[in-house]
Amino acid sequence: MRSLHVADTGIASEPTGVFTRDEIKIISARKDEPEWLQASRLAGFAAFAEAPMPSVRSEDWRYTDIGSVLKLEALALAEEVRPAATVQELPEALLATVAESRTVAGRLVQRDGSVALRELPEDLRAQGVVFTSLESAVREHPELVQKYLGTAVTPEDGKFAAMNAAFWTGGLFLYVPRNVRVQAPFRSYRWISEAGSSVFPRILVVAEAGAELSLVDEAVSPDFDRQTLAVGAVEVFAEEGARVTCVSVQNWGAGVVNLSTDRVVAGRDARVTTLGMALGGDLSRSDIRCRLTRPGSHVDLLGLYIADGSQHFDHETLQDHVSPHASSNLLFKGALRDRGRSVFRGLIRVHPGAQRTDAYQTNRNLLLSSEARADSLPNLEIQADDVRCSHAATVGQLDEEEVFYLLSRGIPKREAVRLVVFGFFGEVLVQLPLDEVREELVRAVERKLGNRGS
């Protein structure tokens, strides 16, 4: 049985362009960071510099030739911008995305290399809620940040996780204290302005015992005529009895390479739901893992992706069952047209002693053209004998009978295909416990499918 921790077999090389140790020191000095954070950055840089560029000779990267695609030497670090006094000062295209959200607990906008806007109502502040840039949290809540930052996503998680640890700027920190329940979702928006730039967003979410929160993070940009890079990291901690929902919408413009490392740590009786939607960019690779550390913990990992043109979406997942009496469920669905390509590699790992584990994993792919391709590789690694675990994967063509039935009812083919795709995605969307956000995701799918005829 395979492990997700397969050593890269690429050729190590010296860091190029702006991604140097000296640049780390400049960033840290400019921000007047504490010694522990500068040490963390330098440790991240050391791991980044020592790790080879991933190669298709490594099983983890067999289907995604990132070494041939990514041109680090041609990239610049994104500029830091002055904060916006109001939402109206944001770029028009970003403003349209922000305006679509009606129900908001708090709002944070990261524009290029810095946080441009942050809003949190006074009543939530009074309850001890913190929603701010990660940079500010380092200064204002150092004990909290140091306790959690870099403990779920570590430099050992790969070259790009290490790169984020070294070069992150701006960032987001969301903390909800014990037994505080926030019903409306917090909203995060990320924007890239310049072609050829690189951004390193980092999100840290902490829900203390009995807390409840939801976060919706959207990444948007214009289309670019040169390669542009986003290397992100997300750490979510749900303590005892916490309820956490995190939604990520990746809708970068053309030209963007998106590489993300996401981790969820679920404590006793905690319930976490994540939904990742991949729509944009040229190439997107997401390494998503949940770790169930105490009895009663439950995690739902949901995914939805639509690739067209020559887009390439790669999802690597791990449901890591450390504790007995815990459960997880993964459901990822994708629709592919033109020469769109998807890769799914998932593993359920049950540790010795993690008895009474319930874990399920399903990946289904719908091919809308003869040139589209999906590779799906689910797997199990079971080291306990009293468990219920299963995995399933399908790759299938559009059901012509369904389409024909709709055509026979007078529905145009483009609309018929759209209805079939929405029916296919419905099983994922219905599991999201946020009605308004679900409606927003439906509109995002409609826009994606409406970009051109199917």
# chains A, B, ... in the order shown; residues from 1 in each chain; ligands from 1
$ residues_around --residues "A:Asp282" --least-positions-apart "3" --cutoff "8 Å" --atoms "only C-alpha atoms" --output "list in words"
Gly253, Ala254, Gly255, Val256, Val257, Ser310, Gln311 and His312 of chain A
$ residues_around --residues "stretch 26-30 of chain A" --least-positions-apart "4" --cutoff "8 Å" --atoms "only C-alpha atoms" --output "ChimeraX atom specification"
/A:22,38,167
$ closest_residue --among "A:Leu70, A:Val264, A:Ala43, A:Ala162" --to "A:Arg226" --atoms "only C-alpha atoms"
A:Leu70
$ select_by_dssp --residues "stretch 95-291 of chain A" --states "helix (DSSP H, G or I)" --output "number ranges by chain"
A: 95-99, 122-126, 134-140, 142-148, 155-157, 159-167
$ select_by_dssp --residues "stretch 157-345 of chain A" --states "strand (DSSP E)" --output "short mmCIF file (atom, residue, chain, number, x, y, z; two decimals) with N, CA, C and O atoms, in the first residue's frame"
data_model
loop_
_atom_site.label_atom_id
_atom_site.label_comp_id
_atom_site.auth_asym_id
_atom_site.auth_seq_id
_atom_site.Cartn_x
_atom_site.Cartn_y
_atom_site.Cartn_z
N LEU A 172 -4.11 35.46 7.04
CA LEU A 172 -5.38 35.59 7.75
C LEU A 172 -5.31 34.78 9.03
O LEU A 172 -4.84 33.64 9.04
N PHE A 173 -5.82 35.37 10.11
CA PHE A 173 -5.92 34.68 11.39
C PHE A 173 -7.34 34.82 11.90
O PHE A 173 -7.85 35.94 12.07
N LEU A 174 -8.00 33.69 12.11
CA LEU A 174 -9.37 33.66 12.64
C LEU A 174 -9.37 32.81 13.90
O LEU A 174 -9.02 31.63 13.87
N TYR A 175 -9.79 33.43 14.99
CA TYR A 175 -9.84 32.74 16.28
C TYR A 175 -11.20 33.00 16.91
O TYR A 175 -11.64 34.15 17.06
N VAL A 176 -11.88 31.91 17.28
CA VAL A 176 -13.16 32.02 17.98
C VAL A 176 -13.01 31.30 19.31
O VAL A 176 -12.71 30.10 19.35
N PHE A 186 -17.50 34.19 8.02
CA PHE A 186 -16.42 35.14 7.78
C PHE A 186 -16.02 35.02 6.31
O PHE A 186 -16.04 33.93 5.73
N ARG A 187 -15.63 36.15 5.72
CA ARG A 187 -15.32 36.17 4.29
C ARG A 187 -13.89 36.65 4.06
O ARG A 187 -13.46 37.67 4.59
N SER A 188 -13.19 35.89 3.23
CA SER A 188 -11.82 36.24 2.85
C SER A 188 -11.73 36.28 1.34
O SER A 188 -12.28 35.41 0.65
N TYR A 189 -11.04 37.30 0.83
CA TYR A 189 -10.87 37.46 -0.62
C TYR A 189 -9.40 37.68 -0.92
O TYR A 189 -8.72 38.45 -0.24
N ARG A 190 -8.92 36.99 -1.96
CA ARG A 190 -7.53 37.15 -2.38
C ARG A 190 -7.50 37.60 -3.83
O ARG A 190 -8.23 37.08 -4.68
N TRP A 191 -6.61 38.54 -4.11
CA TRP A 191 -6.55 39.17 -5.43
C TRP A 191 -5.10 39.33 -5.87
O TRP A 191 -4.25 39.75 -5.07
N SER A 197 3.88 37.88 -11.10
CA SER A 197 4.14 38.02 -9.67
C SER A 197 3.85 36.71 -8.95
O SER A 197 3.27 35.77 -9.52
N SER A 198 4.25 36.66 -7.70
CA SER A 198 4.00 35.47 -6.88
C SER A 198 3.45 35.91 -5.54
O SER A 198 3.92 36.89 -4.94
N VAL A 199 2.43 35.20 -5.05
CA VAL A 199 1.83 35.50 -3.76
C VAL A 199 1.87 34.25 -2.89
O VAL A 199 1.84 33.12 -3.39
N ARG A 202 -1.42 32.76 3.59
CA ARG A 202 -1.46 31.74 4.64
C ARG A 202 -2.66 32.01 5.54
O ARG A 202 -2.89 33.16 5.95
N ILE A 203 -3.41 30.96 5.84
CA ILE A 203 -4.62 31.06 6.65
C ILE A 203 -4.46 30.18 7.88
O ILE A 203 -4.09 29.01 7.78
N LEU A 204 -4.75 30.75 9.05
CA LEU A 204 -4.72 30.01 10.31
C LEU A 204 -6.06 30.21 11.01
O LEU A 204 -6.45 31.34 11.31
N VAL A 205 -6.78 29.09 11.23
CA VAL A 205 -8.11 29.12 11.85
C VAL A 205 -8.07 28.29 13.11
O VAL A 205 -7.64 27.13 13.09
N VAL A 206 -8.53 28.87 14.21
CA VAL A 206 -8.58 28.16 15.50
C VAL A 206 -9.98 28.31 16.09
O VAL A 206 -10.43 29.43 16.35
N ALA A 207 -10.65 27.18 16.29
CA ALA A 207 -11.94 27.16 16.98
C ALA A 207 -11.74 26.44 18.31
O ALA A 207 -11.46 25.24 18.34
N GLU A 212 -18.13 27.73 17.28
CA GLU A 212 -18.71 27.45 15.95
C GLU A 212 -18.35 28.60 15.02
O GLU A 212 -18.53 29.77 15.36
N LEU A 213 -17.86 28.26 13.83
CA LEU A 213 -17.51 29.29 12.85
C LEU A 213 -17.57 28.72 11.45
O LEU A 213 -17.54 27.50 11.25
N SER A 214 -17.65 29.62 10.48
CA SER A 214 -17.52 29.25 9.07
C SER A 214 -16.71 30.33 8.37
O SER A 214 -16.79 31.51 8.70
N LEU A 215 -15.91 29.89 7.41
CA LEU A 215 -15.05 30.79 6.65
C LEU A 215 -15.18 30.46 5.17
O LEU A 215 -15.08 29.30 4.77
N VAL A 216 -15.39 31.50 4.36
CA VAL A 216 -15.43 31.35 2.90
C VAL A 216 -14.29 32.16 2.32
O VAL A 216 -14.22 33.38 2.51
N ASP A 217 -13.39 31.49 1.63
CA ASP A 217 -12.20 32.13 1.05
C ASP A 217 -12.29 32.04 -0.47
O ASP A 217 -12.44 30.96 -1.02
N GLU A 218 -12.20 33.19 -1.14
CA GLU A 218 -12.29 33.23 -2.59
C GLU A 218 -11.02 33.85 -3.18
O GLU A 218 -10.57 34.91 -2.74
N ALA A 219 -10.47 33.18 -4.18
CA ALA A 219 -9.26 33.65 -4.87
C ALA A 219 -9.62 34.01 -6.30
O ALA A 219 -10.08 33.16 -7.06
N VAL A 220 -9.42 35.29 -6.66
CA VAL A 220 -9.80 35.77 -7.99
C VAL A 220 -8.71 36.67 -8.55
O VAL A 220 -7.91 37.25 -7.80
N THR A 228 1.99 33.32 -13.49
CA THR A 228 1.82 33.98 -12.20
C THR A 228 1.59 32.88 -11.18
O THR A 228 0.98 31.86 -11.49
N LEU A 229 2.09 33.07 -9.96
CA LEU A 229 2.12 31.96 -9.01
C LEU A 229 1.41 32.30 -7.71
O LEU A 229 1.60 33.39 -7.15
N ALA A 230 0.62 31.35 -7.22
CA ALA A 230 0.02 31.44 -5.89
C ALA A 230 0.37 30.17 -5.13
O ALA A 230 0.01 29.07 -5.56
N VAL A 231 1.10 30.32 -4.03
CA VAL A 231 1.49 29.18 -3.18
C VAL A 231 0.88 29.40 -1.81
O VAL A 231 1.35 30.25 -1.05
N GLY A 232 -0.18 28.68 -1.50
CA GLY A 232 -0.93 28.92 -0.27
C GLY A 232 -0.78 27.80 0.75
O GLY A 232 -0.35 26.69 0.44
N ALA A 233 -1.16 28.12 1.99
CA ALA A 233 -1.21 27.14 3.08
C ALA A 233 -2.37 27.48 3.99
O ALA A 233 -2.62 28.66 4.28
N VAL A 234 -3.09 26.44 4.43
CA VAL A 234 -4.24 26.61 5.32
C VAL A 234 -4.10 25.63 6.47
O VAL A 234 -3.88 24.42 6.26
N GLU A 235 -4.23 26.13 7.71
CA GLU A 235 -4.23 25.30 8.90
C GLU A 235 -5.52 25.57 9.67
O GLU A 235 -5.82 26.71 10.03
N VAL A 236 -6.29 24.50 9.92
CA VAL A 236 -7.56 24.61 10.64
C VAL A 236 -7.50 23.69 11.85
O VAL A 236 -7.24 22.48 11.73
N PHE A 237 -7.76 24.27 13.03
CA PHE A 237 -7.76 23.51 14.29
C PHE A 237 -9.15 23.61 14.91
O PHE A 237 -9.61 24.72 15.22
N ALA A 238 -9.78 22.46 15.10
CA ALA A 238 -11.09 22.41 15.75
C ALA A 238 -10.93 21.65 17.06
O ALA A 238 -10.69 20.43 17.07
N ARG A 243 -17.44 23.28 15.95
CA ARG A 243 -18.10 23.08 14.66
C ARG A 243 -17.49 24.08 13.68
O ARG A 243 -17.59 25.30 13.87
N VAL A 244 -16.86 23.57 12.63
CA VAL A 244 -16.14 24.43 11.68
C VAL A 244 -16.53 24.06 10.26
O VAL A 244 -16.56 22.88 9.90
N THR A 245 -16.82 25.09 9.46
CA THR A 245 -17.06 24.91 8.03
C THR A 245 -16.14 25.85 7.27
O THR A 245 -16.12 27.05 7.54
N CYS A 246 -15.36 25.31 6.34
CA CYS A 246 -14.45 26.11 5.53
C CYS A 246 -14.71 25.83 4.05
O CYS A 246 -14.67 24.68 3.62
N VAL A 247 -14.93 26.91 3.31
CA VAL A 247 -15.17 26.82 1.87
C VAL A 247 -14.08 27.59 1.15
O VAL A 247 -13.77 28.73 1.51
N SER A 248 -13.51 26.98 0.13
CA SER A 248 -12.47 27.63 -0.68
C SER A 248 -12.90 27.62 -2.13
O SER A 248 -13.22 26.56 -2.69
N VAL A 249 -12.90 28.80 -2.75
CA VAL A 249 -13.24 28.92 -4.17
C VAL A 249 -12.02 29.43 -4.91
O VAL A 249 -11.64 30.60 -4.76
N GLN A 250 -11.38 28.57 -5.69
CA GLN A 250 -10.20 28.94 -6.46
C GLN A 250 -10.66 29.33 -7.86
O GLN A 250 -11.05 28.49 -8.66
N ASN A 251 -10.66 30.63 -8.12
CA ASN A 251 -11.14 31.14 -9.41
C ASN A 251 -10.13 32.13 -10.00
O ASN A 251 -10.50 33.19 -10.50
N VAL A 256 -2.34 31.55 -14.12
CA VAL A 256 -1.96 31.33 -12.73
C VAL A 256 -1.69 29.85 -12.48
O VAL A 256 -2.47 28.98 -12.87
N VAL A 257 -0.57 29.59 -11.80
CA VAL A 257 -0.29 28.27 -11.25
C VAL A 257 -0.59 28.33 -9.76
O VAL A 257 -0.04 29.18 -9.04
N ASN A 258 -1.49 27.46 -9.30
CA ASN A 258 -1.94 27.48 -7.91
C ASN A 258 -1.48 26.20 -7.21
O ASN A 258 -1.78 25.09 -7.65
N LEU A 259 -0.74 26.36 -6.12
CA LEU A 259 -0.24 25.24 -5.35
C LEU A 259 -0.61 25.46 -3.89
O LEU A 259 -0.19 26.44 -3.29
N SER A 260 -1.41 24.56 -3.31
CA SER A 260 -1.88 24.80 -1.94
C SER A 260 -1.68 23.55 -1.08
O SER A 260 -1.74 22.41 -1.56
N THR A 261 -1.44 23.80 0.20
CA THR A 261 -1.28 22.75 1.21
C THR A 261 -2.27 23.05 2.33
O THR A 261 -2.13 24.07 3.01
N ASP A 262 -3.26 22.19 2.50
CA ASP A 262 -4.33 22.43 3.46
C ASP A 262 -4.35 21.31 4.49
O ASP A 262 -4.30 20.12 4.14
N ARG A 263 -4.49 21.68 5.77
CA ARG A 263 -4.53 20.71 6.85
C ARG A 263 -5.66 21.03 7.82
O ARG A 263 -5.90 22.19 8.17
N VAL A 264 -6.34 19.98 8.26
CA VAL A 264 -7.39 20.07 9.27
C VAL A 264 -7.02 19.15 10.42
O VAL A 264 -6.66 17.98 10.20
N VAL A 265 -7.08 19.66 11.65
CA VAL A 265 -6.84 18.86 12.84
C VAL A 265 -8.11 18.91 13.68
O VAL A 265 -8.52 19.98 14.13
N ALA A 266 -8.73 17.74 13.88
CA ALA A 266 -10.02 17.67 14.57
C ALA A 266 -9.86 16.98 15.92
O ALA A 266 -9.36 15.85 16.01
N ARG A 271 -16.54 18.61 14.73
CA ARG A 271 -17.09 18.31 13.40
C ARG A 271 -16.60 19.40 12.44
O ARG A 271 -16.84 20.60 12.67
N VAL A 272 -15.96 18.98 11.38
CA VAL A 272 -15.41 19.92 10.40
C VAL A 272 -15.90 19.53 9.01
O VAL A 272 -15.86 18.35 8.64
N THR A 273 -16.35 20.53 8.27
CA THR A 273 -16.70 20.34 6.87
C THR A 273 -15.87 21.30 6.03
O THR A 273 -15.84 22.50 6.31
N THR A 274 -15.17 20.77 5.04
CA THR A 274 -14.46 21.62 4.08
C THR A 274 -14.99 21.34 2.70
O THR A 274 -15.32 20.19 2.36
N LEU A 275 -15.09 22.39 1.89
CA LEU A 275 -15.46 22.25 0.48
C LEU A 275 -14.52 23.09 -0.35
O LEU A 275 -14.43 24.30 -0.15
N GLY A 276 -13.82 22.45 -1.26
CA GLY A 276 -12.92 23.15 -2.16
C GLY A 276 -13.46 23.11 -3.57
O GLY A 276 -13.79 22.03 -4.09
N MET A 277 -13.56 24.27 -4.19
CA MET A 277 -14.03 24.38 -5.57
C MET A 277 -12.89 24.91 -6.43
O MET A 277 -12.36 25.99 -6.17
N ALA A 278 -12.51 24.16 -7.45
CA ALA A 278 -11.45 24.57 -8.37
C ALA A 278 -12.06 24.89 -9.73
O ALA A 278 -12.64 24.01 -10.37
N LEU A 283 -2.99 25.64 -13.95
CA LEU A 283 -2.68 24.40 -13.23
C LEU A 283 -2.94 24.64 -11.76
O LEU A 283 -2.52 25.66 -11.22
N SER A 284 -3.62 23.70 -11.13
CA SER A 284 -3.90 23.81 -9.69
C SER A 284 -3.63 22.47 -9.03
O SER A 284 -4.12 21.44 -9.48
N ARG A 285 -2.85 22.50 -7.98
CA ARG A 285 -2.53 21.29 -7.22
C ARG A 285 -2.85 21.56 -5.75
O ARG A 285 -2.34 22.52 -5.15
N SER A 286 -3.71 20.73 -5.17
CA SER A 286 -4.13 20.89 -3.77
C SER A 286 -3.79 19.63 -3.00
O SER A 286 -4.21 18.54 -3.36
N ASP A 287 -3.03 19.81 -1.92
CA ASP A 287 -2.66 18.72 -1.02
C ASP A 287 -3.47 18.92 0.25
O ASP A 287 -3.21 19.83 1.04
N ILE A 288 -4.49 18.07 0.43
CA ILE A 288 -5.50 18.27 1.47
C ILE A 288 -5.48 17.08 2.42
O ILE A 288 -5.66 15.94 1.99
N ARG A 289 -5.28 17.35 3.70
CA ARG A 289 -5.23 16.26 4.67
C ARG A 289 -5.99 16.64 5.94
O ARG A 289 -5.92 17.79 6.38
N CYS A 290 -6.70 15.67 6.46
CA CYS A 290 -7.33 15.86 7.78
C CYS A 290 -6.77 14.83 8.74
O CYS A 290 -6.47 13.69 8.35
N ARG A 291 -6.63 15.24 9.97
CA ARG A 291 -6.08 14.36 11.02
C ARG A 291 -7.09 14.31 12.16
O ARG A 291 -7.40 15.34 12.78
N LEU A 292 -7.61 13.11 12.41
CA LEU A 292 -8.62 12.91 13.45
C LEU A 292 -7.92 12.37 14.68
O LEU A 292 -7.49 11.21 14.72
N HIS A 298 -15.18 14.08 13.60
CA HIS A 298 -15.72 13.76 12.27
C HIS A 298 -15.34 14.87 11.30
O HIS A 298 -15.47 16.06 11.61
N VAL A 299 -14.88 14.47 10.11
CA VAL A 299 -14.52 15.43 9.06
C VAL A 299 -15.16 15.02 7.75
O VAL A 299 -15.07 13.86 7.34
N ASP A 300 -15.81 15.99 7.10
CA ASP A 300 -16.29 15.83 5.72
C ASP A 300 -15.39 16.64 4.80
O ASP A 300 -15.25 17.86 4.98
N LEU A 301 -14.77 15.97 3.84
CA LEU A 301 -13.97 16.64 2.82
C LEU A 301 -14.75 16.59 1.51
O LEU A 301 -14.96 15.52 0.94
N LEU A 302 -15.16 17.76 1.04
CA LEU A 302 -15.94 17.86 -0.19
C LEU A 302 -15.14 18.60 -1.25
O LEU A 302 -14.40 19.53 -0.94
N GLY A 303 -15.30 18.21 -2.50
CA GLY A 303 -14.57 18.87 -3.58
C GLY A 303 -15.40 18.91 -4.84
O GLY A 303 -16.19 18.00 -5.13
N LEU A 304 -15.21 19.98 -5.60
CA LEU A 304 -15.93 20.17 -6.85
C LEU A 304 -14.99 20.91 -7.81
O LEU A 304 -14.38 21.90 -7.42
N TYR A 305 -14.86 20.42 -9.04
CA TYR A 305 -13.96 21.07 -9.99
C TYR A 305 -14.49 20.95 -11.40
O TYR A 305 -15.16 19.98 -11.76
N ILE A 306 -14.22 21.99 -12.18
CA ILE A 306 -14.59 22.01 -13.60
C ILE A 306 -13.38 22.49 -14.38
O ILE A 306 -12.92 23.63 -14.20
N ALA A 307 -12.84 21.64 -15.23
CA ALA A 307 -11.67 21.98 -16.03
C ALA A 307 -12.07 22.04 -17.50
O ALA A 307 -12.76 21.16 -18.00
N HIS A 312 -5.50 21.95 -15.79
CA HIS A 312 -5.04 20.73 -15.14
C HIS A 312 -5.25 20.90 -13.64
O HIS A 312 -4.65 21.77 -13.01
N PHE A 313 -6.12 20.05 -13.05
CA PHE A 313 -6.42 20.11 -11.62
C PHE A 313 -5.99 18.80 -10.97
O PHE A 313 -6.39 17.72 -11.40
N ASP A 314 -5.21 18.92 -9.91
CA ASP A 314 -4.65 17.76 -9.22
C ASP A 314 -5.00 17.86 -7.74
O ASP A 314 -4.70 18.87 -7.09
N HIS A 315 -5.67 16.84 -7.20
CA HIS A 315 -6.02 16.80 -5.78
C HIS A 315 -5.39 15.57 -5.13
O HIS A 315 -5.58 14.45 -5.59
N GLU A 316 -4.64 15.83 -4.07
CA GLU A 316 -4.01 14.78 -3.26
C GLU A 316 -4.63 14.85 -1.88
O GLU A 316 -4.60 15.91 -1.24
N THR A 317 -5.23 13.76 -1.39
CA THR A 317 -5.94 13.83 -0.12
C THR A 317 -5.49 12.71 0.82
O THR A 317 -5.07 11.63 0.39
N LEU A 318 -5.61 12.98 2.11
CA LEU A 318 -5.33 11.99 3.15
C LEU A 318 -6.33 12.16 4.28
O LEU A 318 -6.48 13.24 4.83
N GLN A 319 -7.04 11.08 4.59
CA GLN A 319 -7.89 11.00 5.78
C GLN A 319 -7.09 10.19 6.80
O GLN A 319 -7.00 8.96 6.68
N ASP A 320 -6.52 10.87 7.77
CA ASP A 320 -5.54 10.27 8.67
C ASP A 320 -6.19 9.99 10.02
O ASP A 320 -6.37 10.88 10.85
N HIS A 321 -6.56 8.72 10.23
CA HIS A 321 -7.27 8.32 11.45
C HIS A 321 -6.27 7.84 12.49
O HIS A 321 -5.76 6.72 12.43
N SER A 327 -14.63 9.37 12.53
CA SER A 327 -15.18 9.09 11.20
C SER A 327 -14.84 10.22 10.23
O SER A 327 -14.64 11.37 10.61
N SER A 328 -14.78 9.86 8.96
CA SER A 328 -14.55 10.85 7.91
C SER A 328 -15.23 10.40 6.64
O SER A 328 -15.45 9.20 6.41
N ASN A 329 -15.56 11.38 5.81
CA ASN A 329 -16.20 11.10 4.53
C ASN A 329 -15.66 12.07 3.50
O ASN A 329 -15.66 13.29 3.72
N LEU A 330 -15.21 11.55 2.39
CA LEU A 330 -14.70 12.38 1.29
C LEU A 330 -15.54 12.15 0.06
O LEU A 330 -15.80 11.01 -0.33
N LEU A 331 -15.96 13.25 -0.57
CA LEU A 331 -16.68 13.18 -1.84
C LEU A 331 -16.18 14.29 -2.75
O LEU A 331 -16.40 15.47 -2.48
N PHE A 332 -15.47 13.92 -3.81
CA PHE A 332 -14.96 14.87 -4.80
C PHE A 332 -15.59 14.53 -6.15
O PHE A 332 -15.56 13.37 -6.57
N LYS A 333 -16.12 15.56 -6.82
CA LYS A 333 -16.71 15.37 -8.14
C LYS A 333 -16.17 16.41 -9.10
O LYS A 333 -16.02 17.59 -8.73
N GLY A 334 -15.90 15.98 -10.35
CA GLY A 334 -15.38 16.90 -11.34
C GLY A 334 -16.00 16.70 -12.71
O GLY A 334 -16.36 15.56 -13.08
N ALA A 335 -16.14 17.80 -13.44
CA ALA A 335 -16.59 17.75 -14.83
C ALA A 335 -15.47 18.32 -15.71
O ALA A 335 -14.89 19.36 -15.39
N LEU A 336 -15.18 17.63 -16.81
CA LEU A 336 -14.05 17.98 -17.66
C LEU A 336 -14.49 18.08 -19.10
O LEU A 336 -15.18 17.19 -19.61
N ARG A 341 -8.07 18.29 -17.68
CA ARG A 341 -7.44 17.11 -17.08
C ARG A 341 -7.59 17.19 -15.56
O ARG A 341 -7.41 18.25 -14.96
N SER A 342 -7.90 16.06 -14.96
CA SER A 342 -7.94 16.01 -13.49
C SER A 342 -7.17 14.79 -13.00
O SER A 342 -7.08 13.76 -13.67
N VAL A 343 -6.61 14.96 -11.81
CA VAL A 343 -5.92 13.88 -11.11
C VAL A 343 -6.44 13.86 -9.68
O VAL A 343 -6.52 14.90 -9.03
N PHE A 344 -6.83 12.69 -9.23
CA PHE A 344 -7.23 12.51 -7.83
C PHE A 344 -6.45 11.33 -7.27
O PHE A 344 -6.47 10.23 -7.82
N ARG A 345 -5.73 11.58 -6.17
CA ARG A 345 -5.02 10.52 -5.45
C ARG A 345 -5.40 10.64 -3.98
O ARG A 345 -5.02 11.62 -3.33
#
